[in-house]
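Novice: The following block contains the structure, expressed as structure tokens.
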Amino acid sequence: MTEKREYSVKVIDLFCGIGGLTHGLHKEGLNVVAGYDIDDLCEYPYEANNEAKFFAKDVVEIKGEELNEQFSDCDIKVLVGCAPCQPFSTYSFKSKDKAKWRLLYEYGRLIEETQPDIISMENVPRLAKFTKEPVFRDFLDLLKKNGYEKPFFRIVNCANYGVPQNRKRLVLLASKKGDITLIDPTHEDGNYETVKNAIGKLEPLESGEESQKDVLHKASRLSELNLKRIKQSKPGGTWKDWDEELRLKCHKKASGNTYVSVYGRMSWDKPSPTITTHCTGIGNGRFGHPEQDRAITLREAAILQSFPNKYKFVPKGESFNKRRMSIHIGNSVPPRLGQAIGSSIKKHIEEYYPNF
């Protein structure tokens, strides 16, 4: 009789940030052993909420040998990552300068040097729409050349995986063993997680007010003019709901009709709009609270990104840079999307490694 074998799995998260993807993978029982990011301010939230070691390091300086040391004594190596998406603008895609895509090429280099059994990448949707451009085509070619014969990628709305937010992202999965795909959506329009379900029970705040229990739950102070604007804003509405004298000059131009969501309020009964790095200001999108006269707080933004309510972002009693924290939260992989990716990886392992 053939003795059953137990397989061990180790995961490394590149461009890990404050741990959104890692947290989701941990929730699915995957053993993430290390996270790498160039921003050392991510160390506390990453390690305080996840059983993994954080390394503050530029991806250019990381060598495959170092990652393989982290992978030592495991049967299945999994490399995941989300190369920061700032370069992926419409303008950038017109350029064939590989230097603009350094981070994605570096990720490819580390795949070649470590030869993981399974890889995953999360990124902006625009990347998948330009398969004829060198950056994504080169990445897919690299995967196939290294034994990942059938890379899977799809643009998904995170709301379909339990995130209380409409956020479209590219998810890529690839394995040396065979086919791997993202699990089917767990939610659909009609049973999406809503803004009310996510943040409806948080302590109410006024403009400029701060919770005494949670330093991240602090509302930006609105000017007198913007306070008048938010008071006339309706959930899901636009600046067209305001009195004429409150409207901006740009709104009165024909082009102003293309920016109807700025200064808007979220709706209680729907997922939020995409949480961005500027989401705590009402002039940056539909980031007004559904009923309180203010923009959402960092804590509310984090919860709408599907971070747990008690996720720790700063050591107790320490100050922090609100702008940097907003960037960290807005750029994160939503943990619930991370769970979907983790579930997909587990399903694949169970199929191809039957004793896992």
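Residue numbers start at 1 in each chain; chains themselves are named A, B, ... in the order of the structure tokens; ligands are numbered from 1 in the order shown.
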Identify, on the basis of only C-alpha atoms, every residue whose closest approach to Phe152 in chain A does not exceed 12 Å; exclude the query and any residue fewer than 4 positions from it along the same chain; express the result as a list in words.
Specialist: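 Those residues are Ile118, Ile119, Ser120, Met121, Glu122, Ala128, Leu140, Leu143, Lys144, Tyr148, Leu170, Val171, Leu172, Leu173, Ala174, Ser175, Gly178, Asp179, Ile180, Thr181, Leu182, Ile183 and Ser344 of chain A.
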Novice: Using backbone DSSP assignments, extract all strand (DSSP E or B) residues from range 18-172 of chain A; output them as a PyMOL selection string.
Specialist: chain A and resi 32-37+53-56+76-81+118-123+152-157+165+168-172
Novice: With distances taken over only C-alpha atoms, which residue among A:Ile341, A:Glu6, A:Val156, A:His328 lies nearest Asp40 in chain A?
Specialist: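 So, comparing all the options, the nearest one is A:His328.
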Novice: When distances are computed from only C-alpha atoms, which of A:Ser211, A:Arg221, A:Pro271, A:Glu69 shows the smallest separation from Glu188 in chain A?
Specialist: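 When distances to Glu188 in chain A are compared using only C-alpha atoms, the smallest one comes from A:Pro271.
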Novice: Which polymer residues have any atom within 9 Å of an atom of Val11 in chain A, counting only C-alpha atoms, with same-chain residues fewer than 4 positions away left out, as JSON, numbers by chain?
Specialist: {"A": [22, 25, 30, 31, 32, 33, 34, 35, 70, 71, 76, 77, 78, 79, 80]}
Novice: Okay, now the selection with all heavy atoms, as a JSON list (two decimals), in the first residue's frame?
Specialist:
[["chain", "number", "residue", "atom", "x", "y", "z"],
["A", 22, "THR", "N", -2.14, 39.11, 2.16],
["A", 22, "THR", "CA", -1.66, 38.14, 3.15],
["A", 22, "THR", "C", -2.76, 37.76, 4.13],
["A", 22, "THR", "O", -2.96, 36.58, 4.45],
["A", 22, "THR", "CB", -0.45, 38.70, 3.91],
["A", 22, "THR", "OG1", 0.70, 38.70, 3.05],
["A", 22, "THR", "CG2", -0.11, 37.86, 5.14],
["A", 25, "LEU", "N", -5.23, 35.39, 2.55],
["A", 25, "LEU", "CA", -4.66, 34.05, 2.38],
["A", 25, "LEU", "C", -4.61, 33.32, 3.72],
["A", 25, "LEU", "O", -4.90, 32.12, 3.81],
["A", 25, "LEU", "CB", -3.26, 34.15, 1.77],
["A", 25, "LEU", "CG", -3.18, 34.76, 0.37],
["A", 25, "LEU", "CD1", -1.72, 34.86, -0.09],
["A", 25, "LEU", "CD2", -3.99, 33.95, -0.64],
["A", 30, "LEU", "N", -3.73, 29.34, 4.42],
["A", 30, "LEU", "CA", -2.45, 29.23, 3.73],
["A", 30, "LEU", "C", -1.34, 29.84, 4.58],
["A", 30, "LEU", "O", -1.53, 30.87, 5.23],
["A", 30, "LEU", "CB", -2.51, 29.91, 2.37],
["A", 30, "LEU", "CG", -3.40, 29.20, 1.33],
["A", 30, "LEU", "CD1", -3.51, 30.04, 0.06],
["A", 30, "LEU", "CD2", -2.87, 27.81, 1.00],
["A", 31, "ASN", "N", -0.20, 29.22, 4.56],
["A", 31, "ASN", "CA", 0.93, 29.60, 5.41],
["A", 31, "ASN", "C", 1.79, 30.65, 4.72],
["A", 31, "ASN", "O", 2.73, 30.32, 3.99],
["A", 31, "ASN", "CB", 1.76, 28.37, 5.75],
["A", 31, "ASN", "CG", 2.97, 28.70, 6.62],
["A", 31, "ASN", "OD1", 2.96, 29.68, 7.38],
["A", 31, "ASN", "ND2", 4.01, 27.89, 6.51],
["A", 32, "VAL", "N", 1.47, 31.93, 4.92],
["A", 32, "VAL", "CA", 2.29, 33.02, 4.39],
["A", 32, "VAL", "C", 3.44, 33.24, 5.36],
["A", 32, "VAL", "O", 3.22, 33.55, 6.53],
["A", 32, "VAL", "CB", 1.48, 34.32, 4.22],
["A", 32, "VAL", "CG1", 2.35, 35.40, 3.56],
["A", 32, "VAL", "CG2", 0.22, 34.08, 3.39],
["A", 33, "VAL", "N", 4.66, 33.07, 4.88],
["A", 33, "VAL", "CA", 5.82, 33.15, 5.77],
["A", 33, "VAL", "C", 6.51, 34.50, 5.72],
["A", 33, "VAL", "O", 7.23, 34.87, 6.67],
["A", 33, "VAL", "CB", 6.84, 32.03, 5.46],
["A", 33, "VAL", "CG1", 6.23, 30.67, 5.75],
["A", 33, "VAL", "CG2", 7.33, 32.11, 4.01],
["A", 34, "ALA", "N", 6.32, 35.25, 4.63],
["A", 34, "ALA", "CA", 7.05, 36.52, 4.51],
["A", 34, "ALA", "C", 6.34, 37.47, 3.56],
["A", 34, "ALA", "O", 5.70, 37.05, 2.60],
["A", 34, "ALA", "CB", 8.47, 36.28, 4.02],
["A", 35, "GLY", "N", 6.46, 38.76, 3.87],
["A", 35, "GLY", "CA", 5.96, 39.81, 2.99],
["A", 35, "GLY", "C", 7.07, 40.82, 2.74],
["A", 35, "GLY", "O", 7.81, 41.17, 3.66],
["A", 70, "GLN", "N", 13.48, 31.33, 2.22],
["A", 70, "GLN", "CA", 12.20, 31.43, 2.91],
["A", 70, "GLN", "C", 11.31, 30.23, 2.56],
["A", 70, "GLN", "O", 10.51, 29.78, 3.39],
["A", 70, "GLN", "CB", 11.48, 32.73, 2.51],
["A", 70, "GLN", "CG", 12.21, 34.00, 2.82],
["A", 70, "GLN", "CD", 12.14, 34.37, 4.29],
["A", 70, "GLN", "OE1", 11.43, 33.76, 5.06],
["A", 70, "GLN", "NE2", 12.92, 35.37, 4.67],
["A", 71, "PHE", "N", 11.46, 29.72, 1.35],
["A", 71, "PHE", "CA", 10.67, 28.59, 0.90],
["A", 71, "PHE", "C", 11.21, 27.24, 1.38],
["A", 71, "PHE", "O", 10.60, 26.20, 1.11],
["A", 71, "PHE", "CB", 10.63, 28.55, -0.64],
["A", 71, "PHE", "CG", 9.63, 29.48, -1.28],
["A", 71, "PHE", "CD1", 10.02, 30.29, -2.35],
["A", 71, "PHE", "CD2", 8.31, 29.54, -0.85],
["A", 71, "PHE", "CE1", 9.11, 31.13, -2.97],
["A", 71, "PHE", "CE2", 7.40, 30.38, -1.46],
["A", 71, "PHE", "CZ", 7.79, 31.18, -2.53],
["A", 76, "ILE", "N", 5.33, 22.81, -1.63],
["A", 76, "ILE", "CA", 4.65, 23.64, -2.62],
["A", 76, "ILE", "C", 4.98, 25.10, -2.36],
["A", 76, "ILE", "O", 4.67, 25.64, -1.30],
["A", 76, "ILE", "CB", 3.11, 23.44, -2.56],
["A", 76, "ILE", "CG1", 2.76, 21.96, -2.73],
["A", 76, "ILE", "CG2", 2.42, 24.27, -3.63],
["A", 76, "ILE", "CD1", 1.31, 21.64, -2.44],
["A", 77, "LYS", "N", 5.63, 25.72, -3.33],
["A", 77, "LYS", "CA", 6.01, 27.13, -3.22],
["A", 77, "LYS", "C", 4.98, 27.99, -3.95],
["A", 77, "LYS", "O", 4.68, 27.74, -5.12],
["A", 77, "LYS", "CB", 7.41, 27.37, -3.83],
["A", 77, "LYS", "CG", 8.52, 26.57, -3.18],
["A", 77, "LYS", "CD", 9.90, 27.03, -3.64],
["A", 77, "LYS", "CE", 10.15, 26.77, -5.09],
["A", 77, "LYS", "NZ", 11.56, 27.10, -5.47],
["A", 78, "VAL", "N", 4.47, 29.01, -3.25],
["A", 78, "VAL", "CA", 3.48, 29.91, -3.83],
["A", 78, "VAL", "C", 4.01, 31.34, -3.73],
["A", 78, "VAL", "O", 4.33, 31.81, -2.64],
["A", 78, "VAL", "CB", 2.12, 29.81, -3.11],
["A", 78, "VAL", "CG1", 1.10, 30.73, -3.78],
["A", 78, "VAL", "CG2", 1.62, 28.37, -3.09],
["A", 79, "LEU", "N", 4.10, 32.02, -4.86],
["A", 79, "LEU", "CA", 4.56, 33.41, -4.90],
["A", 79, "LEU", "C", 3.40, 34.28, -5.37],
["A", 79, "LEU", "O", 2.83, 34.05, -6.43],
["A", 79, "LEU", "CB", 5.75, 33.56, -5.84],
["A", 79, "LEU", "CG", 6.46, 34.92, -5.83],
["A", 79, "LEU", "CD1", 7.10, 35.20, -4.48],
["A", 79, "LEU", "CD2", 7.52, 34.99, -6.93],
["A", 80, "VAL", "N", 3.04, 35.27, -4.56],
["A", 80, "VAL", "CA", 1.94, 36.16, -4.92],
["A", 80, "VAL", "C", 2.43, 37.60, -4.86],
["A", 80, "VAL", "O", 3.44, 37.90, -4.23],
["A", 80, "VAL", "CB", 0.74, 35.98, -3.96],
["A", 80, "VAL", "CG1", 0.23, 34.55, -4.01],
["A", 80, "VAL", "CG2", 1.10, 36.38, -2.53]]
Novice: I need the residues in range 141-216 of chain A that are helix (DSSP H, G or I) according to DSSP; give them as a list in words.
Specialist: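 Listing helix (DSSP H, G or I) positions across range 141-216 of chain A yields Asp141, Leu142, Leu143, Lys144, Lys145, Cys158, Ala159, Asn160, Tyr161, Val195, Lys196, Asn197, Ala198 and Ile199 of chain A.
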Novice: List as a list in words the protein and nucleic acid residues near Pro45 in chain A, meaning an atom at most 8 Å away when only C-alpha atoms are counted, but skip any in the same chain fewer than 5 places from it.
Specialist: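 Residues meeting the cut-off are Ile18, Gly19, Tyr311, Lys312, Phe313 and Val314 of chain A.
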Novice: Output C-alpha atoms of each residue in that selection to a file, as an mmCIF file, in the first residue's frame.
Specialist:
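Output file out_25.cif follows:
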data_model
loop_
_atom_site.group_PDB
_atom_site.id
_atom_site.type_symbol
_atom_site.label_atom_id
_atom_site.label_comp_id
_atom_site.auth_asym_id
_atom_site.auth_seq_id
_atom_site.Cartn_x
_atom_site.Cartn_y
_atom_site.Cartn_z
ATOM 1 C CA ILE A 18 -0.079 46.573 4.990
ATOM 2 C CA GLY A 19 -1.109 42.967 4.466
ATOM 3 C CA TYR A 311 -7.313 45.598 12.116
ATOM 4 C CA LYS A 312 -4.360 47.379 13.727
ATOM 5 C CA PHE A 313 -2.725 50.077 11.621
ATOM 6 C CA VAL A 314 -0.580 52.024 14.121
#
Novice: Hey, what's within 8 Å of range 235-245 of chain A if we count only C-alpha atoms and toss same-chain stuff fewer than 2 positions away? As a PyMOL selection string, please?
Specialist: chain A and resi 229+232-233+247+260-268+286+290-291
Novice: Could those selected residues go to a file with C-alpha atoms, as a tab-separated table (two decimals), in the first residue's frame?
Specialist:
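Final file, again.tsv:
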chain	number	residue	atom	x	y	z
A	229	ARG	CA	-22.46	71.44	-0.14
A	232	GLN	CA	-27.39	69.51	0.16
A	233	SER	CA	-25.91	66.28	-1.22
A	247	ARG	CA	-21.64	74.85	-7.69
A	260	VAL	CA	-20.88	64.08	-11.35
A	261	SER	CA	-19.65	61.88	-8.49
A	262	VAL	CA	-17.29	64.39	-6.86
A	263	TYR	CA	-18.65	65.81	-3.61
A	264	GLY	CA	-21.27	63.05	-3.66
A	265	ARG	CA	-22.61	60.88	-0.86
A	266	MET	CA	-22.45	57.09	-0.80
A	267	SER	CA	-25.70	55.12	-0.69
A	268	TRP	CA	-26.46	52.96	2.33
A	286	ARG	CA	-18.37	60.02	-4.01
A	290	PRO	CA	-24.50	58.51	3.48
A	291	GLU	CA	-26.13	60.62	6.20
